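Text of input.tsv (TSV, C-alpha atoms and all ligand atoms) as supplied:
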chain	number	residue	atom	x	y	z
L	2	MET	CA	92.07	125.28	139.90
L	3	ALA	CA	91.22	122.11	141.78
L	4	PRO	CA	88.13	120.96	139.84
L	5	VAL	CA	89.92	121.28	136.50
L	6	ALA	CA	92.91	119.38	137.78
L	7	THR	CA	90.72	116.49	138.95
L	8	GLN	CA	89.01	116.30	135.61
L	9	THR	CA	92.26	116.33	133.70
L	10	MET	CA	93.73	113.39	135.56
L	11	ASP	CA	91.83	110.79	133.57
L	12	VAL	CA	92.07	112.35	130.09
L	13	LYS	CA	94.34	109.95	128.24
L	14	SER	CA	93.82	111.46	124.82
L	15	ILE	CA	91.30	113.76	123.20
L	16	LYS	CA	91.04	111.11	120.51
L	17	SER	CA	89.48	108.59	122.92
L	18	LEU	CA	87.31	111.25	124.53
L	19	ALA	CA	86.02	112.39	121.13
L	20	GLU	CA	85.30	108.79	120.15
L	21	SER	CA	83.13	108.11	123.19
L	22	PRO	CA	79.57	107.62	121.86
L	23	ALA	CA	77.95	109.63	124.67
L	24	LEU	CA	79.78	112.83	123.81
L	25	SER	CA	77.31	115.40	122.47
L	26	SER	CA	78.75	118.62	123.90
L	27	VAL	CA	82.11	120.04	124.92
L	28	PRO	CA	82.99	119.06	128.52
L	29	SER	CA	83.37	122.15	130.73
L	30	ALA	CA	87.14	121.69	131.17
L	31	TYR	CA	87.45	122.32	127.40
L	32	ALA	CA	85.06	125.28	127.18
L	33	PHE	CA	86.57	128.09	125.08
L	34	ASN	CA	84.47	130.60	123.18
L	35	ILE	CA	85.42	131.69	119.69
L	36	ASN	CA	84.02	135.06	118.71
L	37	SER	CA	82.98	134.77	115.07
L	38	ASN	CA	82.83	138.59	114.78
L	39	ASP	CA	86.61	138.64	114.84
L	40	GLU	CA	86.91	136.50	111.70
L	41	ALA	CA	88.12	137.90	108.40
L	42	ASP	CA	86.21	137.61	105.14
L	43	PRO	CA	88.44	135.40	102.99
L	44	ASN	CA	87.00	136.97	99.82
L	45	ASP	CA	88.09	140.45	100.82
L	46	PRO	CA	91.27	141.28	98.80
L	47	GLU	CA	92.76	142.74	101.98
L	48	PHE	CA	92.95	139.15	103.24
L	49	ALA	CA	94.45	137.54	100.13
L	50	ILE	CA	97.26	135.42	101.58
L	51	PRO	CA	100.66	136.06	99.97
L	52	ILE	CA	102.05	133.21	97.86
L	53	VAL	CA	105.79	132.72	97.35
L	54	ASP	CA	106.94	130.64	94.38
L	55	MET	CA	110.05	128.94	95.73
L	56	SER	CA	111.15	127.71	92.28
L	57	LEU	CA	111.83	131.32	91.31
L	58	LEU	CA	114.20	131.61	94.26
L	59	THR	CA	116.09	128.42	93.55
L	60	SER	CA	116.10	128.25	89.76
L	61	GLY	CA	114.68	131.49	88.45
L	62	SER	CA	116.68	134.22	86.72
L	63	PRO	CA	118.47	136.77	88.94
L	64	ASP	CA	115.66	139.20	88.10
L	65	GLN	CA	112.99	136.75	89.18
L	66	ARG	CA	114.83	136.04	92.40
L	67	SER	CA	115.25	139.69	93.28
L	68	LYS	CA	111.58	140.33	92.61
L	69	ILE	CA	110.59	137.61	95.13
L	70	VAL	CA	113.14	138.93	97.62
L	71	HIS	CA	111.65	142.38	97.21
L	72	ASN	CA	108.10	141.05	97.72
L	73	LEU	CA	109.23	139.35	100.90
L	74	ILE	CA	109.90	142.71	102.56
L	75	LYS	CA	106.23	143.63	102.54
L	76	ILE	CA	105.09	140.07	103.30
L	77	CYS	CA	107.33	139.79	106.35
L	78	GLN	CA	106.42	143.24	107.63
L	79	GLU	CA	102.69	143.15	107.08
L	80	TRP	CA	101.85	139.47	107.43
L	81	GLY	CA	104.67	137.40	108.87
L	82	PHE	CA	102.96	134.63	106.95
L	83	PHE	CA	102.81	133.23	103.41
L	84	ILE	CA	102.22	130.06	101.44
L	85	ALA	CA	105.29	128.56	99.75
L	86	ILE	CA	104.56	126.75	96.49
L	87	ASN	CA	106.80	124.86	94.03
L	88	HIS	CA	109.13	124.09	96.93
L	89	GLY	CA	110.44	120.81	95.58
L	90	VAL	CA	109.27	118.52	98.40
L	91	PRO	CA	107.39	115.68	96.68
L	92	GLU	CA	103.67	115.52	97.40
L	93	SER	CA	104.03	111.78	98.02
L	94	LEU	CA	106.50	112.48	100.84
L	95	MET	CA	104.17	115.06	102.40
L	96	LYS	CA	101.31	112.61	102.25
L	97	GLY	CA	103.51	109.80	103.57
L	98	MET	CA	104.43	111.98	106.55
L	99	ILE	CA	100.78	112.75	107.33
L	100	ASP	CA	99.96	109.03	107.05
L	101	ALA	CA	102.81	108.11	109.39
L	102	CYS	CA	101.55	110.64	111.96
L	103	HIS	CA	98.03	109.31	111.54
L	104	GLY	CA	99.45	105.85	112.16
L	105	PHE	CA	101.01	106.99	115.40
L	106	PHE	CA	97.87	108.69	116.73
L	107	SER	CA	95.85	105.59	115.85
L	108	LEU	CA	97.90	103.42	118.20
L	109	PRO	CA	96.14	102.42	121.46
L	110	ASP	CA	96.57	105.02	124.25
L	111	GLU	CA	98.82	102.66	126.26
L	112	GLU	CA	101.28	102.34	123.40
L	113	LYS	CA	101.44	106.07	122.80
L	114	GLU	CA	102.08	106.68	126.49
L	115	GLU	CA	105.49	105.07	126.12
L	116	PHE	CA	106.46	108.34	124.44
L	117	LYS	CA	105.40	110.57	127.30
L	118	SER	CA	108.29	112.35	128.95
L	119	GLY	CA	109.10	115.29	131.17
L	120	ASN	CA	108.32	118.86	130.30
L	121	ASP	CA	111.72	119.92	129.02
L	122	VAL	CA	111.29	121.27	125.48
L	123	LEU	CA	114.60	119.78	124.51
L	124	GLU	CA	113.57	116.16	125.15
L	125	MET	CA	114.13	113.84	122.21
L	126	PHE	CA	110.39	113.35	121.90
L	127	LYS	CA	107.24	114.10	123.76
L	128	TYR	CA	103.66	112.92	123.42
L	129	GLY	CA	100.62	114.29	125.17
L	130	THR	CA	97.19	115.86	125.06
L	131	SER	CA	96.23	119.52	125.51
L	132	TYR	CA	99.42	121.58	126.06
L	133	ASN	CA	100.71	121.05	129.56
L	134	LEU	CA	98.17	119.31	131.79
L	135	ALA	CA	99.81	120.75	134.90
L	136	LEU	CA	99.37	124.36	133.69
L	137	ASP	CA	96.39	124.39	131.34
L	138	LYS	CA	93.44	126.43	132.55
L	139	VAL	CA	91.37	125.39	129.56
L	140	LEU	CA	92.09	122.01	128.00
L	141	LEU	CA	92.86	121.94	124.31
L	142	TRP	CA	91.02	119.82	121.78
L	143	ARG	CA	94.15	118.16	120.49
L	144	ASP	CA	96.69	115.41	121.03
L	145	PHE	CA	100.26	116.05	119.94
L	146	PHE	CA	103.77	114.76	119.71
L	147	LYS	CA	107.03	116.55	119.11
L	148	VAL	CA	110.28	115.00	117.96
L	149	ARG	CA	113.65	116.73	117.79
L	150	VAL	CA	115.05	116.12	114.32
L	151	HIS	CA	118.05	118.51	114.18
L	152	PRO	CA	120.97	118.90	115.00
L	153	GLU	CA	120.66	115.23	115.99
L	154	PHE	CA	117.89	113.26	114.38
L	155	TYR	CA	115.53	111.40	116.70
L	156	SER	CA	112.46	109.45	115.75
L	157	LEU	CA	109.46	107.68	117.20
L	158	TYR	CA	109.96	103.92	116.91
L	159	LYS	CA	106.28	103.31	116.13
L	160	PRO	CA	104.77	102.93	113.59
L	161	ALA	CA	107.51	101.05	111.75
L	162	CYS	CA	107.65	103.41	108.75
L	163	PHE	CA	107.97	106.52	110.89
L	164	SER	CA	111.72	106.81	111.11
L	165	GLU	CA	112.45	106.53	107.39
L	166	VAL	CA	109.69	108.91	106.32
L	167	SER	CA	110.42	111.49	109.00
L	168	MET	CA	114.15	111.49	108.23
L	169	GLU	CA	113.58	112.29	104.57
L	170	PHE	CA	110.79	114.75	105.33
L	171	SER	CA	112.89	116.58	107.94
L	172	LYS	CA	115.82	116.85	105.55
L	173	ARG	CA	113.76	118.12	102.63
L	174	THR	CA	111.78	120.66	104.68
L	175	ARG	CA	115.05	121.90	106.17
L	176	GLU	CA	116.28	122.74	102.66
L	177	VAL	CA	113.13	124.78	102.06
L	178	ALA	CA	113.46	126.58	105.40
L	179	LEU	CA	117.11	127.43	104.77
L	180	GLU	CA	116.25	128.79	101.32
L	181	ILE	CA	113.62	130.96	102.99
L	182	THR	CA	116.13	132.29	105.52
L	183	ARG	CA	118.54	133.13	102.69
L	184	ALA	CA	115.86	135.08	100.84
L	185	ILE	CA	114.80	136.82	104.07
L	186	SER	CA	118.43	137.78	104.80
L	187	GLU	CA	118.67	139.34	101.36
L	188	SER	CA	115.34	141.12	101.81
L	189	LEU	CA	116.92	142.81	104.84
L	190	GLY	CA	119.86	143.96	102.71
L	191	LEU	CA	122.19	141.42	104.32
L	192	GLU	CA	124.34	138.62	102.91
L	193	PRO	CA	122.25	135.56	101.98
L	194	ASN	CA	123.91	133.49	104.72
L	195	TYR	CA	123.53	136.15	107.37
L	196	ILE	CA	120.70	134.55	109.35
L	197	HIS	CA	122.09	131.05	108.92
L	198	ASP	CA	125.48	132.06	110.26
L	199	ALA	CA	124.38	134.49	112.98
L	200	MET	CA	121.85	131.96	114.30
L	201	ASN	CA	124.26	129.00	114.08
L	202	MET	CA	121.73	127.12	112.03
L	203	ASP	CA	124.24	124.41	111.20
L	204	ARG	CA	123.38	123.31	114.74
L	205	GLY	CA	119.88	124.81	114.66
L	206	LEU	CA	117.00	123.30	116.59
L	207	GLN	CA	114.41	121.73	114.30
L	208	MET	CA	111.37	119.88	115.54
L	209	LEU	CA	108.67	117.81	113.92
L	210	ALA	CA	105.49	118.63	115.82
L	211	ALA	CA	102.27	116.86	114.89
L	212	ASN	CA	98.78	117.78	116.08
L	213	TYR	CA	95.67	115.58	116.03
L	214	TYR	CA	92.34	117.39	116.25
L	215	PRO	CA	89.41	114.95	116.29
L	216	PRO	CA	85.90	116.12	115.33
L	217	CYS	CA	84.33	118.25	118.04
L	218	PRO	CA	80.55	118.33	118.67
L	219	GLN	CA	80.59	122.12	119.27
L	220	PRO	CA	83.64	123.52	117.44
L	221	GLU	CA	82.81	127.13	118.34
L	222	HIS	CA	83.08	126.19	122.04
L	223	ALA	CA	86.53	124.58	121.97
L	224	ILE	CA	90.01	125.39	120.70
L	225	GLY	CA	92.77	123.27	119.18
L	226	ILE	CA	95.60	125.65	120.09
L	227	PRO	CA	94.81	129.16	121.39
L	228	HIS	CA	96.52	132.25	119.97
L	229	HIS	CA	100.30	132.18	120.25
L	230	THR	CA	103.48	132.93	118.35
L	231	ASP	CA	106.16	130.29	117.72
L	232	HIS	CA	109.49	130.68	119.49
L	233	GLY	CA	111.93	129.92	116.66
L	234	LEU	CA	112.83	131.67	113.40
L	235	VAL	CA	110.47	130.20	110.86
L	236	THR	CA	107.85	127.42	110.96
L	237	LEU	CA	106.59	125.35	108.02
L	238	LEU	CA	103.24	123.62	108.36
L	239	ILE	CA	101.28	121.06	106.38
L	240	GLN	CA	97.87	119.53	107.05
L	241	ASN	CA	95.58	116.79	105.80
L	242	GLU	CA	92.52	117.86	103.82
L	243	MET	CA	90.97	119.79	106.74
L	244	ASN	CA	91.51	123.51	107.40
L	245	GLY	CA	91.81	124.98	110.88
L	246	LEU	CA	94.87	127.22	111.03
L	247	GLN	CA	94.00	130.89	111.53
L	248	VAL	CA	96.45	133.77	111.35
L	249	GLU	CA	95.90	137.23	112.74
L	250	HIS	CA	95.96	139.90	110.09
L	251	ASN	CA	94.83	143.54	110.48
L	252	GLY	CA	93.11	142.68	113.75
L	253	LYS	CA	91.05	139.79	112.34
L	254	TRP	CA	91.42	136.02	112.34
L	255	LEU	CA	91.80	134.60	108.86
L	256	THR	CA	91.34	130.89	108.17
L	257	VAL	CA	94.20	129.73	105.98
L	258	ASN	CA	92.97	127.98	102.89
L	259	GLY	CA	95.54	127.31	100.22
L	260	PRO	CA	96.94	124.91	97.66
L	261	ALA	CA	97.05	121.40	99.16
L	262	ASN	CA	100.70	120.88	98.28
L	263	GLY	CA	101.95	124.22	99.61
L	264	PHE	CA	103.69	124.89	102.90
L	265	PHE	CA	102.15	127.37	105.29
L	266	VAL	CA	105.08	129.45	106.49
L	267	ASN	CA	105.05	131.68	109.53
L	268	LEU	CA	107.78	133.86	110.94
L	269	ALA	CA	108.51	133.30	114.60
L	270	ASP	CA	109.83	135.20	117.62
L	271	GLN	CA	113.58	135.02	117.00
L	272	MET	CA	113.04	136.56	113.55
L	273	GLN	CA	111.16	139.46	115.12
L	274	ILE	CA	113.94	139.93	117.69
L	275	LEU	CA	116.75	139.66	115.12
L	276	THR	CA	115.06	142.25	112.88
L	277	ASN	CA	114.34	144.55	115.85
L	278	GLY	CA	110.61	144.21	115.23
L	279	LYS	CA	110.77	145.02	111.52
L	280	TYR	CA	109.54	141.54	110.62
L	281	LYS	CA	106.58	140.09	112.43
L	282	SER	CA	106.18	136.89	114.40
L	283	VAL	CA	102.58	136.27	113.41
L	284	MET	CA	99.94	135.43	115.99
L	285	HIS	CA	98.08	132.26	115.03
L	286	ARG	CA	95.80	129.58	116.44
L	287	ALA	CA	94.18	126.29	115.49
L	288	THR	CA	90.41	125.93	115.45
L	289	VAL	CA	88.56	122.62	115.39
L	290	ASN	CA	85.64	121.35	113.34
L	291	SER	CA	82.73	118.93	113.68
L	292	LYS	CA	83.24	116.98	110.46
L	293	ALA	CA	86.49	115.08	110.37
L	294	THR	CA	89.81	114.69	112.12
L	295	ARG	CA	92.39	117.30	111.23
L	296	ILE	CA	96.09	116.47	111.36
L	297	SER	CA	98.71	119.19	111.07
L	298	ILE	CA	102.48	118.89	111.12
L	299	ALA	CA	104.48	121.95	112.11
L	300	ILE	CA	108.21	121.99	111.45
L	301	PRO	CA	109.73	124.80	113.50
L	302	HIS	CA	113.30	125.87	112.65
L	303	GLY	CA	115.31	127.86	115.12
L	304	PRO	CA	118.83	128.94	116.07
L	305	SER	CA	121.10	126.56	117.93
L	306	VAL	CA	119.95	126.45	121.54
L	307	ASP	CA	123.12	128.15	122.82
L	308	THR	CA	122.83	131.18	120.50
L	309	LEU	CA	122.36	134.59	122.05
L	310	ILE	CA	119.71	136.36	119.99
L	311	ALA	CA	119.51	140.13	119.91
L	312	PRO	CA	118.65	142.70	117.22
L	313	ALA	CA	121.26	142.45	114.43
L	314	PRO	CA	123.84	145.27	114.84
L	315	GLU	CA	124.09	145.61	111.03
L	316	LEU	CA	120.36	146.36	110.83
L	317	LEU	CA	120.34	148.76	113.77
L	318	GLU	CA	123.09	150.71	112.12
L	319	LYS	CA	121.40	150.72	108.73
L	320	GLU	CA	118.06	151.85	110.14
L	321	GLY	CA	119.60	154.17	112.77
L	322	GLN	CA	117.64	152.46	115.52
L	323	ALA	CA	118.15	151.56	119.14
L	324	PRO	CA	117.57	147.90	120.04
L	325	LYS	CA	113.99	147.20	121.15
L	326	TYR	CA	114.84	143.87	122.77
L	327	ILE	CA	117.52	142.68	125.15
L	328	GLY	CA	119.61	139.71	124.09
L	329	MET	CA	118.68	136.29	125.35
L	330	ASN	CA	119.94	132.78	124.88
L	331	TYR	CA	117.52	130.74	122.73
L	332	LYS	CA	117.19	127.94	125.25
L	333	GLU	CA	116.35	130.40	128.02
L	334	TYR	CA	113.81	132.06	125.76
L	335	ILE	CA	112.04	128.76	125.14
L	336	GLN	CA	112.04	127.97	128.83
L	337	LEU	CA	110.66	131.42	129.63
L	338	GLN	CA	107.91	131.05	127.02
L	339	GLN	CA	106.83	127.69	128.35
L	340	SER	CA	107.19	128.37	132.06
L	341	GLY	CA	104.12	128.50	134.24
L	342	LYS	CA	104.35	132.22	134.77
L	343	ASN	CA	104.43	132.97	131.10
L	344	TYR	CA	102.17	130.26	129.87
L	345	MET	CA	100.24	131.30	126.74
L	346	LYS	CA	101.32	134.91	127.14
L	347	SER	CA	103.61	137.00	124.98
L	348	THR	CA	107.25	136.51	125.87
L	349	PHE	CA	108.19	139.79	124.18
L	350	ASP	CA	107.05	141.74	127.24
L	351	HIS	CA	109.94	140.22	129.18
L	352	ILE	CA	112.68	141.12	126.78
L	353	LEU	CA	111.94	144.78	126.04
L	354	ALA	CA	115.12	146.85	126.12
K	1	LIG	C1	101.67	124.87	116.33
K	1	LIG	C2	100.55	125.46	115.57
K	1	LIG	C3	98.67	125.21	114.09
K	1	LIG	C4	97.86	124.16	113.41
K	1	LIG	O1	101.73	123.63	116.37
K	1	LIG	O2	102.48	125.66	116.88
K	1	LIG	O3	100.44	126.66	115.55
K	1	LIG	O4	97.20	124.51	112.44
K	1	LIG	N1	99.70	124.66	114.90
K	1	LIG	O5	97.86	123.01	113.84
K	2	NI	NI	102.25	127.64	116.28

Translate the structure of the given file into structure tokens.
Amino acid sequence: MAPVATQTMDVKSIKSLAESPALSSVPSAYAFNINSNDEADPNDPEFAIPIVDMSLLTSGSPDQRSKIVHNLIKICQEWGFFIAINHGVPESLMKGMIDACHGFFSLPDEEKEEFKSGNDVLEMFKYGTSYNLALDKVLLWRDFFKVRVHPEFYSLYKPACFSEVSMEFSKRTREVALEITRAISESLGLEPNYIHDAMNMDRGLQMLAANYYPPCPQPEHAIGIPHHTDHGLVTLLIQNEMNGLQVEHNGKWLTVNGPANGFFVNLADQMQILTNGKYKSVMHRATVNSKATRISIAIPHGPSVDTLIAPAPELLEKEGQAPKYIGMNYKEYIQLQQSGKNYMKSTFDHILA
């Protein structure tokens, strides 16, 4: 423990470390081996990522909508992941949001440090490197910030454009996420507003979480974010022109490569709990590359923090099942997931009924 801790003390940002001219290999504190044998062949039809045309949900005929809803059953069971296209969020806004995040990460380290805060996930905003320097056993090749944008909207106050762009972006992505939860509710045979209402999404926690992955001299010996599932209901993600997100599918890691203006959508833990394990919170990770900086922006949507989440009684009845998970308050779940004892491990093990 001790040697790693000493080395971490002076890491201000991975950006400045990666920019140091002497860096030709991955420092030992960051050493993480990726096994390329576990990677999926993207040309294998088994690994063709599902695409969901959102315009058919919002403005298609009833037949078109029900076909998408029907497709979602298989997608949510087998993948827990898809790419949403024709979602209505302007490409210029998506690009503006990436540029604003780039602007933030480009600030001098001292200015970014103003946004450092404690380790409570419910802080208004948080900036840092790696994941949690006090807990990390292996350091991550990324800098990040997170801002809470719902139910109250908070913003970084630098760069100047950030607040306006992030407000519009948060609002528009929320509309997409809520449309997705309506379609998912229907795919479960429930009322379209079931998830929204049961999860108190009118007060739901939404974050804007940006990651900065600078080029890495030995990308196969470092990791941006190791395998994990997200704690909320559904996460939308966009990136600049660099790939790096991998999702686990049929025991392999698949690099997500899709239309530049689509949203990568993954189901998260509360969806798996609510559906009693029918729908899957997909395991995913972020790899790094040696060529150019990758920026990703994840927008996780969850229940309100005071909601007690347990398998939906309506579904248990319909499927004649016993609950697989005990109920837990969303805030406690997040704290459990991010606590030292559970760090980077599956939280599901703790909530088995
Ligand atoms: C995350 C995440 C993946 C990526 O921020 O939770 O999974 O591609 N990010 O940056
Ligand atoms: Ni994630």

Could you pull out the residues sitting within 7 Å of ligand LIG 1 (chain K), using only C-alpha atoms and all ligand atoms, and write them as a PyMOL selection string?
chain L and resi 210-212+226+231+245-246+285-287+297-299

For atom CA of L:Glu112 and atom CA of L:Phe170, quote the distance in Å rounded to one decimal.
23.9 Å

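The protein and nucleic acid residues lying at most 10 Å from L:Asn244 are Gln240, Thr256, Val257, Asn258, Gly259, Ala287, Thr288, Val289, Asn290, Arg295, Ile296 and Ser297 of chain L, with all atoms listed in the file considered and sequence neighbours fewer than 4 positions away removed.
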
Only C-alpha atoms, please: the residues just picked out, written as a compact mmCIF listing (two decimals), in the coordinates of the input.
# COMPACT_ATOMS: atom_id res chain seq x y z
CA GLN L 240 97.87 119.53 107.05
CA THR L 256 91.34 130.89 108.17
CA VAL L 257 94.20 129.73 105.98
CA ASN L 258 92.97 127.98 102.89
CA GLY L 259 95.54 127.31 100.22
CA ALA L 287 94.18 126.29 115.49
CA THR L 288 90.41 125.93 115.45
CA VAL L 289 88.56 122.62 115.39
CA ASN L 290 85.64 121.35 113.34
CA ARG L 295 92.39 117.30 111.23
CA ILE L 296 96.09 116.47 111.36
CA SER L 297 98.71 119.19 111.07

Residues at most 12 Å from L:Leu317, counting all atoms listed in the file, excluding those fewer than 4 positions away in the same chain, as a PDB file with C-alpha atoms, keeping the file's coordinate frame?
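The result, stored in selection.pdb:
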ATOM      1  CA  LEU L 189     116.920 142.810 104.840  1.00  0.00           C
ATOM      2  CA  ILE L 274     113.940 139.930 117.690  1.00  0.00           C
ATOM      3  CA  LEU L 275     116.750 139.660 115.120  1.00  0.00           C
ATOM      4  CA  THR L 276     115.060 142.250 112.880  1.00  0.00           C
ATOM      5  CA  ASN L 277     114.340 144.550 115.850  1.00  0.00           C
ATOM      6  CA  GLY L 278     110.610 144.210 115.230  1.00  0.00           C
ATOM      7  CA  LYS L 279     110.770 145.020 111.520  1.00  0.00           C
ATOM      8  CA  ALA L 311     119.510 140.130 119.910  1.00  0.00           C
ATOM      9  CA  PRO L 312     118.650 142.700 117.220  1.00  0.00           C
ATOM     10  CA  ALA L 313     121.260 142.450 114.430  1.00  0.00           C
ATOM     11  CA  GLY L 321     119.600 154.170 112.770  1.00  0.00           C
ATOM     12  CA  GLN L 322     117.640 152.460 115.520  1.00  0.00           C
ATOM     13  CA  ALA L 323     118.150 151.560 119.140  1.00  0.00           C
ATOM     14  CA  PRO L 324     117.570 147.900 120.040  1.00  0.00           C
ATOM     15  CA  LYS L 325     113.990 147.200 121.150  1.00  0.00           C
ATOM     16  CA  TYR L 326     114.840 143.870 122.770  1.00  0.00           C
TER      17      TYR L 326
END

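Each of L:Gly129, L:Val139, L:Met168, L:Trp80 was checked against L:Glu111 using only C-alpha atoms; the smallest atom-to-atom distance is that of L:Gly129.
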
Between atom CA of L:Glu333 and atom CA of L:Leu353 - distance in Å to one decimal:
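One can read the atom CA of L:Leu353 to atom CA of L:Glu333 distance as 15.2 Å.
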
Give me, please, the distance in Å between atom CA of L:Leu316 and atom CA of L:Ser347, quoted to one decimal.
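Distance between the two atoms: 23.8 Å.
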
Under the rule that only C-alpha atoms and all ligand atoms are counted, which of L:Ile74, L:Ile35, L:Leu209, L:Ala223 is the nearest residue to ligand NI 2 (chain K)?
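Nearest to ligand NI 2 (chain K): L:Leu209.
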
Please write out, as JSON, where the centre of an axis-aligned box around all listed atoms of stretch 53-57 of chain L lies and how long its edges are, in Å to one decimal, after adding 4 Å on each side.
{"center_x": 108.8, "center_y": 130.2, "center_z": 94.3, "size_x": 14.0, "size_y": 13.0, "size_z": 14.0}

Pick from L:Lys172, L:Lys138, L:Lys253, L:Lys332: nearest to L:Leu309, with only C-alpha atoms counted?
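Closest to L:Leu309, using only C-alpha atoms: L:Lys332.
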
Set the distance at 9 Å and use only C-alpha atoms: which residues neighbour L:Ser56 once local chain neighbours fewer than 2 positions away are removed? I'd like the list as number ranges by chain.
L: 53-54, 58-61, 86-89

Might you pull out every residue within 9 Å of L:His232, with all atoms listed in the file counted and same-chain residues fewer than 5 positions away left off, and present them as a list in words?
Ala269, Asp270, Gln271, Ser282, Pro301, Gly303, Tyr331, Tyr334, Ile335, Gln338 and Thr348 of chain L

Would you list the contacts of L:His250 as a list in words, taking every protein, DNA or RNA residue within 9 Å and counting only C-alpha atoms, but skipping same-chain residues closer than 2 positions in sequence?
Ala41, Phe48, Glu79, Trp80, Val248, Gly252, Lys253, Trp254, Leu255, Val283 and Met284 of chain L

Using only C-alpha atoms, pick whichever of L:His351, L:His229, L:Arg183, L:Lys342 has the shortest atom-to-atom distance to L:Ile69.
L:Arg183

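Taking all atoms listed in the file into account, ligand NI 2 (chain K) lies nearest to L:His228 out of the set L:His228, L:Lys281, L:Arg66, L:His197.
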
Can you work out which one of L:Leu123, L:Ser340, L:Met208, L:Met243 has the shortest atom-to-atom distance to ligand NI 2 (chain K), counting all atoms listed in the file?
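Checking each candidate against ligand NI 2 (chain K), we get L:Met208 as the closest.
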
Reconstructed all heavy atoms for stretch 256-261 of chain L, given as a short mmCIF file (atom, residue, chain, number, x, y, z; two decimals), keeping the file's coordinate frame:
data_model
loop_
_atom_site.label_atom_id
_atom_site.label_comp_id
_atom_site.auth_asym_id
_atom_site.auth_seq_id
_atom_site.Cartn_x
_atom_site.Cartn_y
_atom_site.Cartn_z
N THR L 256 91.11 132.32 108.35
CA THR L 256 91.34 130.89 108.17
C THR L 256 92.19 130.66 106.93
O THR L 256 91.87 131.16 105.85
CB THR L 256 90.00 130.14 108.02
OG1 THR L 256 89.24 130.35 109.21
CG2 THR L 256 90.23 128.65 107.81
N VAL L 257 93.28 129.94 107.10
CA VAL L 257 94.20 129.73 105.98
C VAL L 257 93.67 128.59 105.11
O VAL L 257 93.43 127.49 105.57
CB VAL L 257 95.61 129.38 106.47
CG1 VAL L 257 96.54 129.15 105.29
CG2 VAL L 257 96.15 130.49 107.37
N ASN L 258 93.48 128.94 103.84
CA ASN L 258 92.97 127.98 102.89
C ASN L 258 93.86 128.13 101.67
O ASN L 258 93.94 129.21 101.10
CB ASN L 258 91.52 128.35 102.56
CG ASN L 258 90.87 127.37 101.63
OD1 ASN L 258 91.44 126.31 101.35
ND2 ASN L 258 89.69 127.71 101.16
N GLY L 259 94.61 127.11 101.32
CA GLY L 259 95.54 127.31 100.22
C GLY L 259 95.76 126.02 99.46
O GLY L 259 95.17 125.00 99.76
N PRO L 260 96.64 126.09 98.46
CA PRO L 260 96.94 124.91 97.66
C PRO L 260 97.40 123.74 98.55
O PRO L 260 98.21 123.93 99.45
CB PRO L 260 98.07 125.37 96.74
CG PRO L 260 98.53 126.69 97.25
CD PRO L 260 97.44 127.25 98.10
N ALA L 261 96.83 122.56 98.29
CA ALA L 261 97.05 121.40 99.16
C ALA L 261 98.52 121.03 99.26
O ALA L 261 98.96 120.51 100.28
CB ALA L 261 96.25 120.21 98.64
#
